[in-house]
file coords.txt (compact mmCIF, C-alpha atoms and all ligand atoms)
# COMPACT_ATOMS: atom_id res chain seq x y z
CA MET P 1 -19.41 -13.79 7.23
CA ASN P 2 -18.21 -11.99 4.11
CA ALA P 3 -17.61 -13.70 0.78
CA GLU P 4 -13.84 -13.47 1.18
CA SER P 5 -13.56 -15.35 4.48
CA LYS P 6 -16.08 -17.91 3.26
CA SER P 7 -13.99 -18.71 0.18
CA THR P 8 -10.84 -19.06 2.33
CA GLN P 9 -12.65 -21.65 4.41
CA ASP P 10 -13.60 -23.58 1.30
CA LEU P 11 -9.95 -24.11 0.37
CA LYS P 12 -8.22 -27.36 1.23
CA GLU P 13 -5.09 -26.70 3.27
CA GLY P 14 -3.18 -29.72 2.01
CA LEU P 15 -3.73 -28.80 -1.65
CA ILE P 16 -2.21 -25.34 -1.86
CA PRO P 17 0.13 -25.09 -4.89
CA LYS P 18 3.71 -24.70 -3.69
CA HIS P 19 4.91 -22.52 -6.57
CA VAL P 20 2.46 -20.08 -8.14
CA ALA P 21 3.63 -17.99 -11.10
CA ILE P 22 1.68 -15.03 -12.44
CA ILE P 23 1.75 -13.18 -15.77
CA MET P 24 0.40 -9.84 -14.60
CA ASP P 25 -1.21 -8.73 -17.86
CA GLY P 26 -3.62 -5.94 -18.70
CA ASN P 27 -2.14 -2.90 -16.97
CA GLY P 28 -2.11 -0.91 -20.20
CA ARG P 29 -5.70 -1.77 -21.12
CA TRP P 30 -6.88 -1.02 -17.57
CA ALA P 31 -5.37 2.48 -17.93
CA ARG P 32 -6.65 2.99 -21.48
CA ASP P 33 -10.22 2.16 -20.42
CA ARG P 34 -9.99 5.02 -17.92
CA GLY P 35 -8.34 7.48 -20.30
CA LEU P 36 -5.12 7.30 -18.26
CA GLU P 37 -1.45 6.88 -19.18
CA ARG P 38 -0.15 3.30 -19.29
CA SER P 39 2.08 4.07 -16.30
CA GLU P 40 -1.04 4.57 -14.18
CA GLY P 41 -1.95 0.96 -14.97
CA HIS P 42 1.46 -0.23 -13.78
CA LYS P 43 1.10 1.87 -10.63
CA GLU P 44 -2.22 0.20 -9.85
CA GLY P 45 -0.64 -3.13 -10.78
CA VAL P 46 1.73 -2.65 -7.87
CA GLU P 47 -1.25 -2.43 -5.50
CA ALA P 48 -2.50 -5.73 -6.89
CA ILE P 49 0.93 -7.22 -6.15
CA ARG P 50 0.54 -6.17 -2.51
CA ARG P 51 -2.90 -7.76 -2.22
CA VAL P 52 -1.99 -11.02 -3.93
CA THR P 53 1.33 -11.39 -2.08
CA LYS P 54 -0.45 -11.09 1.25
CA SER P 55 -3.11 -13.58 0.23
CA ALA P 56 -0.63 -16.12 -1.19
CA ASN P 57 1.49 -15.94 1.95
CA GLU P 58 -1.52 -16.40 4.22
CA LEU P 59 -2.70 -19.41 2.22
CA GLY P 60 0.69 -21.11 2.54
CA VAL P 61 2.11 -20.73 -0.97
CA LYS P 62 5.88 -21.32 -0.81
CA VAL P 63 6.99 -19.39 -3.90
CA LEU P 64 5.14 -16.65 -5.78
CA THR P 65 6.92 -15.70 -9.01
CA LEU P 66 5.71 -12.54 -10.74
CA TYR P 67 6.56 -11.67 -14.34
CA ALA P 68 7.50 -8.03 -13.83
CA PHE P 69 9.65 -7.33 -16.90
CA SER P 70 10.49 -9.63 -19.79
CA THR P 71 13.56 -9.56 -22.04
CA GLU P 72 11.07 -8.60 -24.80
CA ASN P 73 9.70 -5.60 -22.86
CA TRP P 74 12.76 -3.55 -23.96
CA LYS P 75 10.81 -3.07 -27.21
CA ARG P 76 8.33 -0.78 -25.41
CA PRO P 77 8.47 3.04 -25.67
CA LEU P 78 11.40 4.49 -23.71
CA LYS P 79 9.09 6.45 -21.41
CA GLU P 80 7.31 3.27 -20.32
CA ILE P 81 10.60 1.38 -19.86
CA GLN P 82 11.90 4.20 -17.67
CA TYR P 83 8.73 4.07 -15.58
CA LEU P 84 8.96 0.29 -15.16
CA MET P 85 12.66 0.49 -14.23
CA GLY P 86 11.77 3.03 -11.53
CA LEU P 87 9.10 0.83 -9.98
CA PRO P 88 11.32 -1.45 -7.85
CA ASN P 89 12.75 1.55 -6.04
CA ARG P 90 9.33 3.07 -5.31
CA PHE P 91 7.69 -0.24 -4.55
CA PHE P 92 10.30 -1.72 -2.21
CA LYS P 93 10.74 1.50 -0.22
CA ARG P 94 7.10 1.26 0.80
CA PHE P 95 6.67 -2.48 0.79
CA VAL P 96 9.77 -3.97 2.47
CA PRO P 97 8.64 -3.20 6.06
CA GLN P 98 5.40 -5.09 5.35
CA LEU P 99 7.36 -7.97 3.81
CA ILE P 100 9.58 -8.19 6.89
CA GLU P 101 6.53 -8.16 9.14
CA GLU P 102 5.02 -10.98 7.10
CA ASN P 103 8.32 -12.95 7.04
CA ILE P 104 8.43 -12.86 3.21
CA LYS P 105 11.73 -13.17 1.39
CA VAL P 106 12.36 -11.31 -1.89
CA THR P 107 14.37 -12.97 -4.66
CA VAL P 108 14.93 -12.13 -8.30
CA THR P 109 15.17 -14.25 -11.43
CA GLY P 110 16.56 -12.55 -14.52
CA PHE P 111 19.50 -11.13 -16.39
CA GLU P 112 21.47 -8.20 -15.04
CA GLN P 113 22.51 -6.86 -18.46
CA LYS P 114 20.84 -3.59 -19.48
CA VAL P 115 19.12 -3.06 -16.11
CA PRO P 116 20.01 0.45 -14.82
CA ASP P 117 22.19 0.56 -11.70
CA LEU P 118 19.55 2.33 -9.64
CA THR P 119 17.03 -0.42 -10.39
CA LYS P 120 19.57 -3.14 -9.63
CA ARG P 121 20.48 -1.51 -6.34
CA ALA P 122 16.81 -1.21 -5.29
CA ILE P 123 16.21 -4.89 -6.00
CA GLU P 124 19.47 -5.98 -4.33
CA LYS P 125 18.57 -3.98 -1.23
CA ALA P 126 15.15 -5.62 -0.97
CA VAL P 127 16.78 -9.05 -1.38
CA LYS P 128 19.35 -8.23 1.32
CA ASP P 129 16.82 -6.70 3.74
CA THR P 130 14.58 -9.77 3.57
CA LYS P 131 17.16 -12.53 3.22
CA GLU P 132 16.75 -13.82 6.79
CA ASN P 133 12.99 -14.24 6.33
CA THR P 134 11.85 -17.84 6.32
CA GLY P 135 8.31 -17.56 4.96
CA MET P 136 7.07 -17.31 1.38
CA ILE P 137 9.53 -16.41 -1.37
CA LEU P 138 8.36 -13.47 -3.47
CA ASN P 139 10.34 -13.96 -6.64
CA PHE P 140 10.41 -11.21 -9.26
CA ALA P 141 11.09 -12.32 -12.82
CA PHE P 142 12.78 -9.14 -13.95
CA ASN P 143 14.52 -8.83 -17.32
CA TYR P 144 13.63 -12.50 -17.68
CA GLY P 145 13.18 -14.61 -20.83
CA GLY P 146 12.67 -18.36 -20.86
CA ARG P 147 14.52 -19.14 -24.10
CA ALA P 148 17.48 -16.96 -23.15
CA GLU P 149 17.60 -18.73 -19.79
CA ILE P 150 17.72 -22.17 -21.44
CA VAL P 151 20.39 -21.06 -23.93
CA GLU P 152 22.47 -19.63 -21.09
CA ALA P 153 22.21 -22.90 -19.15
CA ALA P 154 23.34 -24.82 -22.25
CA ARG P 155 26.27 -22.44 -22.67
CA THR P 156 27.38 -22.81 -19.04
CA LEU P 157 27.13 -26.59 -19.26
CA SER P 158 29.21 -26.58 -22.48
CA ASP P 159 31.89 -24.54 -20.71
CA GLU P 160 31.94 -27.08 -17.90
CA VAL P 161 32.24 -29.93 -20.38
CA LEU P 162 35.12 -28.16 -22.18
CA ALA P 163 36.84 -27.56 -18.86
CA GLY P 164 36.53 -31.27 -18.09
CA LYS P 165 34.36 -30.60 -15.03
CA ILE P 166 31.44 -32.63 -16.27
CA ASN P 167 31.04 -35.64 -18.55
CA PRO P 168 28.34 -35.05 -21.23
CA LYS P 169 26.97 -38.51 -20.40
CA ASP P 170 26.15 -37.27 -16.91
CA ILE P 171 23.95 -34.41 -18.13
CA ASN P 172 20.38 -35.13 -17.18
CA GLU P 173 17.26 -33.05 -16.42
CA GLU P 174 18.30 -32.47 -12.82
CA LYS P 175 21.78 -31.23 -13.79
CA PHE P 176 20.33 -29.03 -16.51
CA ALA P 177 17.77 -27.49 -14.14
CA ALA P 178 20.59 -26.75 -11.70
CA HIS P 179 22.01 -24.37 -14.34
CA LEU P 180 18.81 -22.37 -14.82
CA LEU P 181 18.30 -18.91 -13.33
CA THR P 182 15.71 -20.36 -10.96
CA SER P 183 18.15 -22.92 -9.49
CA PRO P 184 18.36 -21.05 -6.13
CA LEU P 185 14.73 -22.16 -5.62
CA GLY P 186 15.97 -25.76 -5.38
CA ASP P 187 13.16 -28.32 -5.39
CA LEU P 188 10.60 -25.50 -5.66
CA GLN P 189 11.82 -24.57 -9.16
CA ASP P 190 8.93 -26.22 -10.97
CA VAL P 191 5.75 -24.15 -11.19
CA ASP P 192 2.57 -25.82 -9.94
CA PHE P 193 0.06 -23.20 -10.98
CA LEU P 194 0.34 -20.52 -13.65
CA ILE P 195 -2.12 -17.62 -13.65
CA ARG P 196 -2.45 -15.08 -16.46
CA SER P 197 -4.78 -12.13 -16.18
CA SER P 198 -6.49 -10.04 -18.89
CA GLY P 199 -7.94 -12.84 -21.03
CA GLU P 200 -4.78 -13.57 -23.06
CA GLN P 201 -3.97 -17.26 -23.27
CA ARG P 202 -0.27 -17.64 -23.96
CA LEU P 203 2.98 -18.27 -22.12
CA SER P 204 5.01 -15.35 -23.52
CA ASN P 205 8.42 -16.93 -22.90
CA PHE P 206 7.75 -17.26 -19.15
CA LEU P 207 9.47 -20.08 -17.22
CA LEU P 208 9.34 -22.42 -20.22
CA TRP P 209 11.19 -25.26 -18.51
CA GLN P 210 9.62 -24.76 -15.09
CA ASN P 211 6.03 -24.74 -16.44
CA ALA P 212 6.39 -28.18 -18.04
CA TYR P 213 3.75 -29.74 -15.74
CA SER P 214 1.99 -26.73 -14.28
CA GLU P 215 -1.73 -26.16 -14.35
CA PHE P 216 -2.74 -23.10 -16.40
CA TYR P 217 -5.42 -20.63 -15.34
CA PHE P 218 -6.53 -17.77 -17.54
CA THR P 219 -8.77 -15.10 -16.11
CA LYS P 220 -10.35 -12.13 -17.86
CA GLU P 221 -9.77 -9.47 -15.19
CA TYR P 222 -7.02 -6.93 -15.84
CA TRP P 223 -4.12 -7.20 -13.40
CA PRO P 224 -4.81 -3.90 -11.53
CA ASP P 225 -8.25 -5.32 -10.61
CA TYR P 226 -6.76 -8.48 -9.14
CA ASN P 227 -7.41 -9.05 -5.44
CA GLU P 228 -7.48 -11.63 -2.65
CA GLU P 229 -10.89 -12.94 -3.65
CA LEU P 230 -9.93 -13.55 -7.28
CA PHE P 231 -6.69 -15.20 -6.18
CA GLU P 232 -8.56 -17.54 -3.85
CA GLN P 233 -11.03 -18.38 -6.62
CA ALA P 234 -8.07 -19.37 -8.80
CA ILE P 235 -6.61 -21.55 -6.04
CA LYS P 236 -10.00 -23.17 -5.59
CA GLU P 237 -10.03 -24.15 -9.25
CA TYR P 238 -6.47 -25.52 -8.93
CA GLN P 239 -7.69 -27.75 -6.13
CA GLU P 240 -10.23 -29.28 -8.46
CA ARG P 241 -7.65 -30.16 -11.13
CA ASN P 242 -6.33 -33.69 -11.47
CA ARG P 243 -2.56 -33.57 -12.02
CA ARG P 244 -1.24 -36.72 -13.64
CA TYR P 245 2.26 -35.76 -14.82
CA GLY P 246 1.91 -38.02 -17.87
CA GLY P 247 0.58 -40.95 -15.83
CA VAL P 248 -3.02 -42.16 -15.66
C1 LIG D 1 1.71 -6.29 -18.51
O1 LIG D 1 0.68 -5.41 -18.80
C2 LIG D 1 2.50 -5.80 -17.39
C3 LIG D 1 3.83 -5.50 -17.41
C4 LIG D 1 4.68 -5.66 -18.60
C5 LIG D 1 4.52 -4.97 -16.22
C6 LIG D 1 4.05 -5.54 -14.94
C7 LIG D 1 4.76 -4.90 -13.85
C8 LIG D 1 4.21 -4.53 -12.68
C9 LIG D 1 2.79 -4.74 -12.35
C10 LIG D 1 5.03 -3.88 -11.63
C11 LIG D 1 6.34 -4.56 -11.32
C12 LIG D 1 6.79 -4.15 -9.99
C13 LIG D 1 8.00 -4.36 -9.45
C14 LIG D 1 8.20 -4.01 -8.07
C15 LIG D 1 9.13 -4.94 -10.17
P1 LIG D 1 0.70 -4.66 -20.20
O2 LIG D 1 1.40 -3.36 -20.01
O3 LIG D 1 1.27 -5.55 -21.23
O4 LIG D 1 -0.83 -4.43 -20.43
P2 LIG D 1 -1.60 -4.44 -21.83
O5 LIG D 1 -1.41 -5.81 -22.42
O6 LIG D 1 -3.02 -4.17 -21.43
O7 LIG D 1 -1.00 -3.34 -22.66
call {"tool": "encode", "arguments": {"input": "coords.txt", "output": "C-alpha cells", "more": "lines below"}}
Ligand code: FPP
result
Amino acid sequence: MNAESKSTQDLKEGLIPKHVAIIMDGNGRWARDRGLERSEGHKEGVEAIRRVTKSANELGVKVLTLYAFSTENWKRPLKEIQYLMGLPNRFFKRFVPQLIEENIKVTVTGFEQKVPDLTKRAIEKAVKDTKENTGMILNFAFNYGGRAEIVEAARTLSDEVLAGKINPKDINEEKFAAHLLTSPLGDLQDVDFLIRSSGEQRLSNFLLWQNAYSEFYFTKEYWPDYNEELFEQAIKEYQERNRRYGGV
C-alpha cells in the first residue's frame, strides 16, 4: 500500500469539510527558485489545481473555492496580468472534459468589471458546459475582493430599502449574506476550512464574511508543489480540530 492510499483510509468520511477555500500562494517564489519567469509558476499552479480538485471531489468536498485573481492583483506588472487573464482559456479547454467526467460543476465568484472579454467568455463557457453536473462545485474567486463584496452587498440592500422593497428592521445576517457574491452557493456559502500555501499567514481580503468560523491551515509548500497527499494531510488535521462556533 502506498502512503497516499493509506492516508485516504485514515480520513473519517463523516468529517470532510463541506466548503474548502484555498489561497494558492507561492507561484512566483516557486518559479524564482528555479530561475524561471513568474508565469511558469502560475502554469505549474494550474497542474496543482487539477490534482487538488480531483482529490477534493473524491473525498466528498461539496465546494472548493480557489483564489485565482484578487481585486488587488491588478497592481501586478501588465505582462503577468495578461498571462493570468489568459489562463482560464488555456486551462478550461484542457480541463473541462475531465470535469464533466468527474461530474464537477464550475462556478465563479467575482466582479466582471475590468476582466477582458476573452477571459469572461472562457469562464462563462466552462460554467455553461458543466452546469448540469451535480457533484462538487469548483468555484473560482476571480477578480474577487472581500471588502468590495461587502460594500456592494450594503449598496444593493440600501437600494432595496430606498425602493421600499425591504424594511431596514428586517435586515439580518441571513438577508445580508443573500446579497453577497457567493449567495448562489446557498447554505454552502460559509467556508469550513481555509488553506493557504507558501508559509504566509494572512487572509488577504479573501471571503471575509464567509470565513467567520472557518478553521485556518497554513502550510509551507509553494502552491505548484501541492498535491493529493498534502491536501489529504490538511484534511486530516481539520478532522482533529474542535469547532465550537463561540460555544463551549
Ligand atoms: C499567488 O502566487 C497566485 C496567484 C496570484 C495566482 C494563482 C492563479 C493560478 C494558480 C491559476 C488560476 C487558474 C485559473 C484557471 C483561473 P504569487 O504569484 O503571489 O506567488 P509569490 O507570493 O511567490 O510571488
call {"tool": "residues_near_ligand", "arguments": {"input": "coords.txt", "ligand": "ligand LIG 1 (chain D)", "cutoff": "9 Å", "atoms": "all atoms listed in the file", "output": "MDAnalysis selection string"}}
result
chainID P and resid 23:32 38:39 41:49 66:70 73 80 84:92 123 140:142 198 200 222:224
call {"tool": "closest_residue", "arguments": {"input": "coords.txt", "among": "P:Asp117, P:Arg196, P:Glu37, P:Met136", "to": "P:Glu58", "atoms": "all atoms listed in the file"}}
result
P:Met136
call {"tool": "closest_residue", "arguments": {"input": "coords.txt", "among": "P:Leu208, P:Val161, P:Leu64, P:Ala21", "to": "P:Ala148", "atoms": "only C-alpha atoms"}}
result
P:Leu208
call {"tool": "closest_residue", "arguments": {"input": "coords.txt", "among": "P:Leu203, P:Ile150, P:Ala212, P:Ala122", "to": "P:Gly246", "atoms": "all atoms listed in the file"}}
result
P:Ala212
call {"tool": "residues_around", "arguments": {"input": "coords.txt", "residues": "P:Gly186", "least_positions_apart": "2", "cutoff": "12 Å", "atoms": "all atoms listed in the file", "output": "list in words"}}
result
His19, Lys62, Val63, Glu174, Lys175, Ala177, Ala178, His179, Leu180, Leu181, Thr182, Ser183, Pro184, Leu188, Gln189, Asp190, Val191 and Gln210 of chain P
call {"tool": "closest_residue", "arguments": {"input": "coords.txt", "among": "P:Asn167, P:Thr107, P:Ser204, P:Ser214", "to": "P:Arg147", "atoms": "all atoms listed in the file"}}
result
P:Ser204
call {"tool": "atom_distance", "arguments": {"input": "coords.txt", "atom1": "atom CA of P:Lys12", "atom2": "atom CA of P:Lys236"}}
result
8.2 Å
call {"tool": "closest_residue", "arguments": {"input": "coords.txt", "among": "P:Arg244, P:Ser158, P:Glu40, P:Ser197", "to": "P:Asp225", "atoms": "all atoms listed in the file"}}
result
P:Ser197
call {"tool": "atom_distance", "arguments": {"input": "coords.txt", "atom1": "atom CA of P:Gln98", "atom2": "atom CA of P:Phe206"}}
result
27.5 Å
call {"tool": "atom_distance", "arguments": {"input": "coords.txt", "atom1": "atom CA of P:Pro116", "atom2": "atom CA of P:Thr156"}}
result
24.8 Å
call {"tool": "residues_around", "arguments": {"input": "coords.txt", "residues": "P:Val61", "least_positions_apart": "2", "cutoff": "12 Å", "atoms": "only C-alpha atoms", "output": "ChimeraX atom specification"}}
result
/P:13-21,52-59,63-65,104,135-138,188,191-193,231-232,235
call {"tool": "write_last_selection", "arguments": {"input": "coords.txt", "atoms": "C-alpha atoms", "output": "compact mmCIF listing (two decimals), in the coordinates of the input"}}
result
# COMPACT_ATOMS: atom_id res chain seq x y z
CA GLU P 13 -5.09 -26.70 3.27
CA GLY P 14 -3.18 -29.72 2.01
CA LEU P 15 -3.73 -28.80 -1.65
CA ILE P 16 -2.21 -25.34 -1.86
CA PRO P 17 0.13 -25.09 -4.89
CA LYS P 18 3.71 -24.70 -3.69
CA HIS P 19 4.91 -22.52 -6.57
CA VAL P 20 2.46 -20.08 -8.14
CA ALA P 21 3.63 -17.99 -11.10
CA VAL P 52 -1.99 -11.02 -3.93
CA THR P 53 1.33 -11.39 -2.08
CA LYS P 54 -0.45 -11.09 1.25
CA SER P 55 -3.11 -13.58 0.23
CA ALA P 56 -0.63 -16.12 -1.19
CA ASN P 57 1.49 -15.94 1.95
CA GLU P 58 -1.52 -16.40 4.22
CA LEU P 59 -2.70 -19.41 2.22
CA VAL P 63 6.99 -19.39 -3.90
CA LEU P 64 5.14 -16.65 -5.78
CA THR P 65 6.92 -15.70 -9.01
CA ILE P 104 8.43 -12.86 3.21
CA GLY P 135 8.31 -17.56 4.96
CA MET P 136 7.07 -17.31 1.38
CA ILE P 137 9.53 -16.41 -1.37
CA LEU P 138 8.36 -13.47 -3.47
CA LEU P 188 10.60 -25.50 -5.66
CA VAL P 191 5.75 -24.15 -11.19
CA ASP P 192 2.57 -25.82 -9.94
CA PHE P 193 0.06 -23.20 -10.98
CA PHE P 231 -6.69 -15.20 -6.18
CA GLU P 232 -8.56 -17.54 -3.85
CA ILE P 235 -6.61 -21.55 -6.04
call {"tool": "decode", "arguments": {"input": "coords.txt", "residues": "stretch 89-101 of chain P", "atoms": "N, CA, C and O atoms", "output": "CSV table (one decimal), in the first residue's frame"}}
result
chain,number,residue,atom,x,y,z
P,89,ASN,N,-8.8,30.5,-20.3
P,89,ASN,CA,-9.0,29.9,-21.6
P,89,ASN,C,-8.2,28.7,-21.8
P,89,ASN,O,-8.7,27.6,-22.2
P,90,ARG,N,-6.9,28.7,-21.5
P,90,ARG,CA,-6.0,27.6,-21.7
P,90,ARG,C,-6.4,26.4,-20.8
P,90,ARG,O,-6.4,25.3,-21.2
P,91,PHE,N,-6.7,26.8,-19.5
P,91,PHE,CA,-7.0,25.8,-18.5
P,91,PHE,C,-8.3,25.0,-18.8
P,91,PHE,O,-8.3,23.8,-18.8
P,92,PHE,N,-9.4,25.8,-19.1
P,92,PHE,CA,-10.7,25.1,-19.3
P,92,PHE,C,-10.7,24.3,-20.6
P,92,PHE,O,-11.4,23.3,-20.6
P,93,LYS,N,-10.0,24.8,-21.6
P,93,LYS,CA,-10.0,24.0,-22.9
P,93,LYS,C,-9.6,22.6,-22.6
P,93,LYS,O,-10.1,21.6,-23.1
P,94,ARG,N,-8.5,22.4,-21.8
P,94,ARG,CA,-8.0,21.1,-21.5
P,94,ARG,C,-8.7,20.4,-20.4
P,94,ARG,O,-8.8,19.2,-20.4
P,95,PHE,N,-9.3,21.2,-19.5
P,95,PHE,CA,-9.7,20.6,-18.2
P,95,PHE,C,-11.2,20.3,-18.2
P,95,PHE,O,-11.6,19.3,-17.4
P,96,VAL,N,-12.0,21.0,-19.0
P,96,VAL,CA,-13.5,20.8,-18.9
P,96,VAL,C,-13.9,19.3,-19.2
P,96,VAL,O,-14.8,18.8,-18.4
P,97,PRO,N,-13.3,18.6,-20.2
P,97,PRO,CA,-13.7,17.2,-20.4
P,97,PRO,C,-13.5,16.4,-19.1
P,97,PRO,O,-14.4,15.6,-18.8
P,98,GLN,N,-12.4,16.6,-18.4
P,98,GLN,CA,-12.2,15.9,-17.2
P,98,GLN,C,-13.2,16.3,-16.1
P,98,GLN,O,-13.7,15.4,-15.4
P,99,LEU,N,-13.5,17.5,-16.0
P,99,LEU,CA,-14.5,18.0,-15.1
P,99,LEU,C,-15.9,17.3,-15.3
P,99,LEU,O,-16.6,16.9,-14.4
P,100,ILE,N,-16.2,17.2,-16.6
P,100,ILE,CA,-17.5,16.6,-17.0
P,100,ILE,C,-17.5,15.2,-16.6
P,100,ILE,O,-18.5,14.7,-15.9
P,101,GLU,N,-16.4,14.5,-16.9
P,101,GLU,CA,-16.3,13.1,-16.5
P,101,GLU,C,-16.4,12.9,-15.0
P,101,GLU,O,-17.0,11.9,-14.5
